[in-house]
Amino acid sequence: MTDVQVPEDQPVTAGDGTAPLLSVRAIRKRFGAVQALQGVSLDVHPGEVVALVGDNGAGKSTTIKMISGVETPDDGEIFFEGQPVHLTSPAVAERLGIQTVYQDLALCDNLDIVSNLFLGRELHRTLIPGLPKLMRKSEMEKRAIPVLKELGINLPPLSTLVASLSGGQRQTVAVARAVLWGSKLVMLDEPTAALGVTQTKAVLELIERLAGNGVAVLMISHNMTDVFQVADRIVVLRLGRTVANFVKCETSLDQVVAAITGSAEEVAIQE
Ligand SMILES: Nc1ncnc2c1ncn2[C@@H]1O[C@H](COP(=O)(O)OP(=O)(O)OP(=O)(O)O)[C@@H](O)[C@H]1O
Ligand SMILES: [Mg+2]
């Protein structure tokens with residue numbers, strides 16, 4: 001057996017022994033007749049990039065939805081900063097410092113970059129009571145620019161319409177939006193799936209910088225090159241279950257692929 005079973009009842013510490021920021025323990029979720037998750041456990045530490053991998057339908061997106069409060073588990077526990085949490089809505093997760101970048105990104109094409117960065121949190125001022133409040137764009141730009149600069153995020157002028165951006169730039173806006181709010185944990189569902197080589201490199205570098213700033217990152221990817229480039233650990237799901245938890249520098253592509261496909265177990269059974 002090449003893969004390592006994840007203990008369901010105790011946190012898996014990082015190499016340096018720090019406590020995990022997020023601990024997911026034995027979560028289960030059923031959608032009608034489909035048992036989507038049947039025992040997912042994983043940890044993410046501050047400043048760590050964890051890649052969540054597995055075949056189509058393995059339960060990766062469902063796992064992220066449990067942590068972002070979009071869905072609630074039927075069973076199992078989620079701990080954040082050592083405390084059990086009930087993530088009953090995305091607002092609850094966001095208040096804790098959990099931000100998610102979904103594959104479809106959910107950007108508003110008809111708005112400019114700064115409005116997308118502040119979507120749902122626009123700064124308002126009332127000019128005449130009873131009239132709709134206006135966004136203070138200059139104030140929003142003033143707040144956003146230093147954060148973007150600190151993270152080395154390069155974007156066109158913030159007044160540019162999102163509709164005119166490339167895929168990589170859109171992805172960057174989505175990641176920037178997630179990190180602009182003092183996030184402790186950023187989750188990304190296939191952040192480089194639609195990107196070219198240069199854009200992929202830029203997004204992966206941004207992920208590395210986030211982790212360098214102490215943010216915990218949980219990233220879903222099918223791209224093993226990306227995974228091996230940025231992840232510190234690789235958690236493998238198969239058929240809704242955590243089947244392996246690899247430290248990247250101690251594992252090989254073959255081992256990860258064997259855990260994804262289950263071929264290691266099949267070989268073991270044949271023998
Ligand atoms: N809302 C839902 N209703 C019914 N079944 C669902 C729902 N969401 C997910 N599933 C099922 O749960 C299983 C896991 O789906 P999930 O989207 O988490 O997989 P995934 O690992 O993200 O796959 P992919 O790599 O294709 O994105 C699948 O069998 C899927 O059909
Ligand atoms: Mg998915």
# chains A, B, ... in the order shown; residues from 1 in each chain; ligands from 1
$ residues_near_ligand --ligand "ligand 1" --cutoff "9 Å" --atoms "only C-alpha atoms and all ligand atoms" --output "PyMOL selection string"
chain A and resi 29-37+52-65+71+189-190+220-222+237-240
$ closest_residue --among "A:Asp232, A:Ile260, A:Met219, A:Gly168" --to "ligand 2" --atoms "only C-alpha atoms and all ligand atoms"
A:Met219
$ closest_residue --among "A:Ile153, A:Ile234, A:Val162, A:Val186" --to "Ser68 (chain A)" --atoms "only C-alpha atoms"
A:Val186
$ closest_residue --among "A:Gly69, A:Gly212, A:Pro191, A:Pro157" --to "ligand 2" --atoms "only C-alpha atoms and all ligand atoms"
A:Pro191
$ select_by_dssp --residues "region 69-178 of chain A" --states "strand (DSSP E)" --output "VMD selection string"
chain A and resid 75 to 80 83 to 84 98 to 101 124 to 125 134 to 135
$ closest_residue --among "A:Leu180, A:Val236, A:Ala258, A:Leu161" --to "Asn110 (chain A)" --atoms "only C-alpha atoms"
A:Leu161
$ decode --residues "region 84-114 of chain A" --atoms "N, CA, C and O atoms" --output "PDB file, in the first residue's frame"
ATOM      1  N   PRO A  84     -15.054  23.572  17.645  1.00  0.00           N
ATOM      2  CA  PRO A  84     -16.055  23.002  16.735  1.00  0.00           C
ATOM      3  C   PRO A  84     -16.938  24.108  16.169  1.00  0.00           C
ATOM      4  O   PRO A  84     -17.334  25.016  16.921  1.00  0.00           O
ATOM      5  N   VAL A  85     -17.197  24.089  14.868  1.00  0.00           N
ATOM      6  CA  VAL A  85     -18.012  25.147  14.258  1.00  0.00           C
ATOM      7  C   VAL A  85     -19.168  24.535  13.472  1.00  0.00           C
ATOM      8  O   VAL A  85     -19.070  23.421  12.954  1.00  0.00           O
ATOM      9  N   HIS A  86     -20.263  25.278  13.437  1.00  0.00           N
ATOM     10  CA  HIS A  86     -21.416  24.879  12.636  1.00  0.00           C
ATOM     11  C   HIS A  86     -21.559  25.889  11.522  1.00  0.00           C
ATOM     12  O   HIS A  86     -22.033  27.006  11.732  1.00  0.00           O
ATOM     13  N   LEU A  87     -21.091  25.515  10.359  1.00  0.00           N
ATOM     14  CA  LEU A  87     -21.051  26.444   9.227  1.00  0.00           C
ATOM     15  C   LEU A  87     -22.383  26.346   8.489  1.00  0.00           C
ATOM     16  O   LEU A  87     -22.502  25.676   7.472  1.00  0.00           O
ATOM     17  N   THR A  88     -23.359  27.036   9.037  1.00  0.00           N
ATOM     18  CA  THR A  88     -24.728  26.877   8.553  1.00  0.00           C
ATOM     19  C   THR A  88     -25.039  27.749   7.339  1.00  0.00           C
ATOM     20  O   THR A  88     -26.080  27.574   6.709  1.00  0.00           O
ATOM     21  N   SER A  89     -24.149  28.691   7.013  1.00  0.00           N
ATOM     22  CA  SER A  89     -24.358  29.516   5.808  1.00  0.00           C
ATOM     23  C   SER A  89     -23.016  30.090   5.391  1.00  0.00           C
ATOM     24  O   SER A  89     -22.083  30.170   6.207  1.00  0.00           O
ATOM     25  N   PRO A  90     -22.921  30.547   4.124  1.00  0.00           N
ATOM     26  CA  PRO A  90     -21.662  31.162   3.688  1.00  0.00           C
ATOM     27  C   PRO A  90     -21.300  32.372   4.541  1.00  0.00           C
ATOM     28  O   PRO A  90     -20.122  32.629   4.793  1.00  0.00           O
ATOM     29  N   ALA A  91     -22.307  33.094   5.039  1.00  0.00           N
ATOM     30  CA  ALA A  91     -22.018  34.283   5.860  1.00  0.00           C
ATOM     31  C   ALA A  91     -21.297  33.877   7.144  1.00  0.00           C
ATOM     32  O   ALA A  91     -20.378  34.565   7.597  1.00  0.00           O
ATOM     33  N   VAL A  92     -21.713  32.754   7.731  1.00  0.00           N
ATOM     34  CA  VAL A  92     -21.066  32.279   8.962  1.00  0.00           C
ATOM     35  C   VAL A  92     -19.596  31.943   8.672  1.00  0.00           C
ATOM     36  O   VAL A  92     -18.690  32.319   9.420  1.00  0.00           O
ATOM     37  N   ALA A  93     -19.364  31.243   7.559  1.00  0.00           N
ATOM     38  CA  ALA A  93     -17.983  30.873   7.203  1.00  0.00           C
ATOM     39  C   ALA A  93     -17.151  32.126   6.931  1.00  0.00           C
ATOM     40  O   ALA A  93     -16.005  32.232   7.392  1.00  0.00           O
ATOM     41  N   GLU A  94     -17.730  33.079   6.217  1.00  0.00           N
ATOM     42  CA  GLU A  94     -16.983  34.307   5.893  1.00  0.00           C
ATOM     43  C   GLU A  94     -16.619  35.079   7.147  1.00  0.00           C
ATOM     44  O   GLU A  94     -15.533  35.637   7.246  1.00  0.00           O
ATOM     45  N   ARG A  95     -17.533  35.103   8.101  1.00  0.00           N
ATOM     46  CA  ARG A  95     -17.236  35.830   9.345  1.00  0.00           C
ATOM     47  C   ARG A  95     -16.047  35.227  10.082  1.00  0.00           C
ATOM     48  O   ARG A  95     -15.315  35.920  10.760  1.00  0.00           O
ATOM     49  N   LEU A  96     -15.847  33.915   9.907  1.00  0.00           N
ATOM     50  CA  LEU A  96     -14.701  33.266  10.553  1.00  0.00           C
ATOM     51  C   LEU A  96     -13.398  33.510   9.792  1.00  0.00           C
ATOM     52  O   LEU A  96     -12.319  33.231  10.298  1.00  0.00           O
ATOM     53  N   GLY A  97     -13.509  34.002   8.553  1.00  0.00           N
ATOM     54  CA  GLY A  97     -12.300  34.234   7.744  1.00  0.00           C
ATOM     55  C   GLY A  97     -12.089  33.150   6.696  1.00  0.00           C
ATOM     56  O   GLY A  97     -10.961  32.879   6.290  1.00  0.00           O
ATOM     57  N   ILE A  98     -13.199  32.506   6.284  1.00  0.00           N
ATOM     58  CA  ILE A  98     -13.124  31.460   5.255  1.00  0.00           C
ATOM     59  C   ILE A  98     -13.693  32.026   3.956  1.00  0.00           C
ATOM     60  O   ILE A  98     -14.852  32.445   3.922  1.00  0.00           O
ATOM     61  N   GLN A  99     -12.875  32.078   2.919  1.00  0.00           N
ATOM     62  CA  GLN A  99     -13.313  32.620   1.633  1.00  0.00           C
ATOM     63  C   GLN A  99     -13.125  31.555   0.559  1.00  0.00           C
ATOM     64  O   GLN A  99     -12.153  30.795   0.601  1.00  0.00           O
ATOM     65  N   THR A 100     -14.036  31.533  -0.406  1.00  0.00           N
ATOM     66  CA  THR A 100     -13.996  30.495  -1.430  1.00  0.00           C
ATOM     67  C   THR A 100     -14.014  31.114  -2.812  1.00  0.00           C
ATOM     68  O   THR A 100     -14.782  32.043  -3.066  1.00  0.00           O
ATOM     69  N   VAL A 101     -13.156  30.591  -3.680  1.00  0.00           N
ATOM     70  CA  VAL A 101     -13.164  31.003  -5.079  1.00  0.00           C
ATOM     71  C   VAL A 101     -13.707  29.810  -5.866  1.00  0.00           C
ATOM     72  O   VAL A 101     -13.050  28.775  -5.971  1.00  0.00           O
ATOM     73  N   TYR A 102     -14.928  29.949  -6.385  1.00  0.00           N
ATOM     74  CA  TYR A 102     -15.557  28.838  -7.100  1.00  0.00           C
ATOM     75  C   TYR A 102     -15.105  28.822  -8.554  1.00  0.00           C
ATOM     76  O   TYR A 102     -14.646  29.832  -9.089  1.00  0.00           O
ATOM     77  N   GLN A 103     -15.303  27.658  -9.170  1.00  0.00           N
ATOM     78  CA  GLN A 103     -14.828  27.494 -10.537  1.00  0.00           C
ATOM     79  C   GLN A 103     -15.505  28.482 -11.488  1.00  0.00           C
ATOM     80  O   GLN A 103     -14.877  28.998 -12.402  1.00  0.00           O
ATOM     81  N   ASP A 104     -16.793  28.753 -11.262  1.00  0.00           N
ATOM     82  CA  ASP A 104     -17.474  29.680 -12.179  1.00  0.00           C
ATOM     83  C   ASP A 104     -17.225  31.143 -11.788  1.00  0.00           C
ATOM     84  O   ASP A 104     -17.681  32.060 -12.465  1.00  0.00           O
ATOM     85  N   LEU A 105     -16.498  31.336 -10.699  1.00  0.00           N
ATOM     86  CA  LEU A 105     -15.994  32.644 -10.254  1.00  0.00           C
ATOM     87  C   LEU A 105     -17.047  33.639  -9.785  1.00  0.00           C
ATOM     88  O   LEU A 105     -16.784  34.462  -8.928  1.00  0.00           O
ATOM     89  N   ALA A 106     -18.236  33.600 -10.369  1.00  0.00           N
ATOM     90  CA  ALA A 106     -19.314  34.491  -9.930  1.00  0.00           C
ATOM     91  C   ALA A 106     -18.895  35.959  -9.914  1.00  0.00           C
ATOM     92  O   ALA A 106     -19.137  36.682  -8.966  1.00  0.00           O
ATOM     93  N   LEU A 107     -18.233  36.388 -10.987  1.00  0.00           N
ATOM     94  CA  LEU A 107     -17.929  37.809 -11.126  1.00  0.00           C
ATOM     95  C   LEU A 107     -19.045  38.474 -11.925  1.00  0.00           C
ATOM     96  O   LEU A 107     -19.724  37.817 -12.709  1.00  0.00           O
ATOM     97  N   CYS A 108     -19.203  39.765 -11.745  1.00  0.00           N
ATOM     98  CA  CYS A 108     -20.202  40.506 -12.524  1.00  0.00           C
ATOM     99  C   CYS A 108     -19.520  41.188 -13.692  1.00  0.00           C
ATOM    100  O   CYS A 108     -18.746  42.134 -13.499  1.00  0.00           O
ATOM    101  N   ASP A 109     -19.802  40.687 -14.894  1.00  0.00           N
ATOM    102  CA  ASP A 109     -19.143  41.193 -16.100  1.00  0.00           C
ATOM    103  C   ASP A 109     -19.409  42.672 -16.346  1.00  0.00           C
ATOM    104  O   ASP A 109     -18.583  43.376 -16.909  1.00  0.00           O
ATOM    105  N   ASN A 110     -20.603  43.131 -15.958  1.00  0.00           N
ATOM    106  CA  ASN A 110     -20.985  44.505 -16.284  1.00  0.00           C
ATOM    107  C   ASN A 110     -20.442  45.524 -15.281  1.00  0.00           C
ATOM    108  O   ASN A 110     -20.702  46.704 -15.397  1.00  0.00           O
ATOM    109  N   LEU A 111     -19.676  45.048 -14.296  1.00  0.00           N
ATOM    110  CA  LEU A 111     -19.096  45.968 -13.313  1.00  0.00           C
ATOM    111  C   LEU A 111     -17.576  46.031 -13.497  1.00  0.00           C
ATOM    112  O   LEU A 111     -16.975  45.124 -14.079  1.00  0.00           O
ATOM    113  N   ASP A 112     -16.972  47.093 -12.967  1.00  0.00           N
ATOM    114  CA  ASP A 112     -15.518  47.204 -13.083  1.00  0.00           C
ATOM    115  C   ASP A 112     -14.836  46.371 -11.987  1.00  0.00           C
ATOM    116  O   ASP A 112     -15.498  45.750 -11.143  1.00  0.00           O
ATOM    117  N   ILE A 113     -13.500  46.360 -12.018  1.00  0.00           N
ATOM    118  CA  ILE A 113     -12.749  45.482 -11.118  1.00  0.00           C
ATOM    119  C   ILE A 113     -13.026  45.836  -9.655  1.00  0.00           C
ATOM    120  O   ILE A 113     -13.322  44.958  -8.836  1.00  0.00           O
ATOM    121  N   VAL A 114     -12.961  47.141  -9.350  1.00  0.00           N
ATOM    122  CA  VAL A 114     -13.089  47.513  -7.936  1.00  0.00           C
ATOM    123  C   VAL A 114     -14.478  47.163  -7.402  1.00  0.00           C
ATOM    124  O   VAL A 114     -14.628  46.706  -6.267  1.00  0.00           O
TER     125      VAL A 114
END
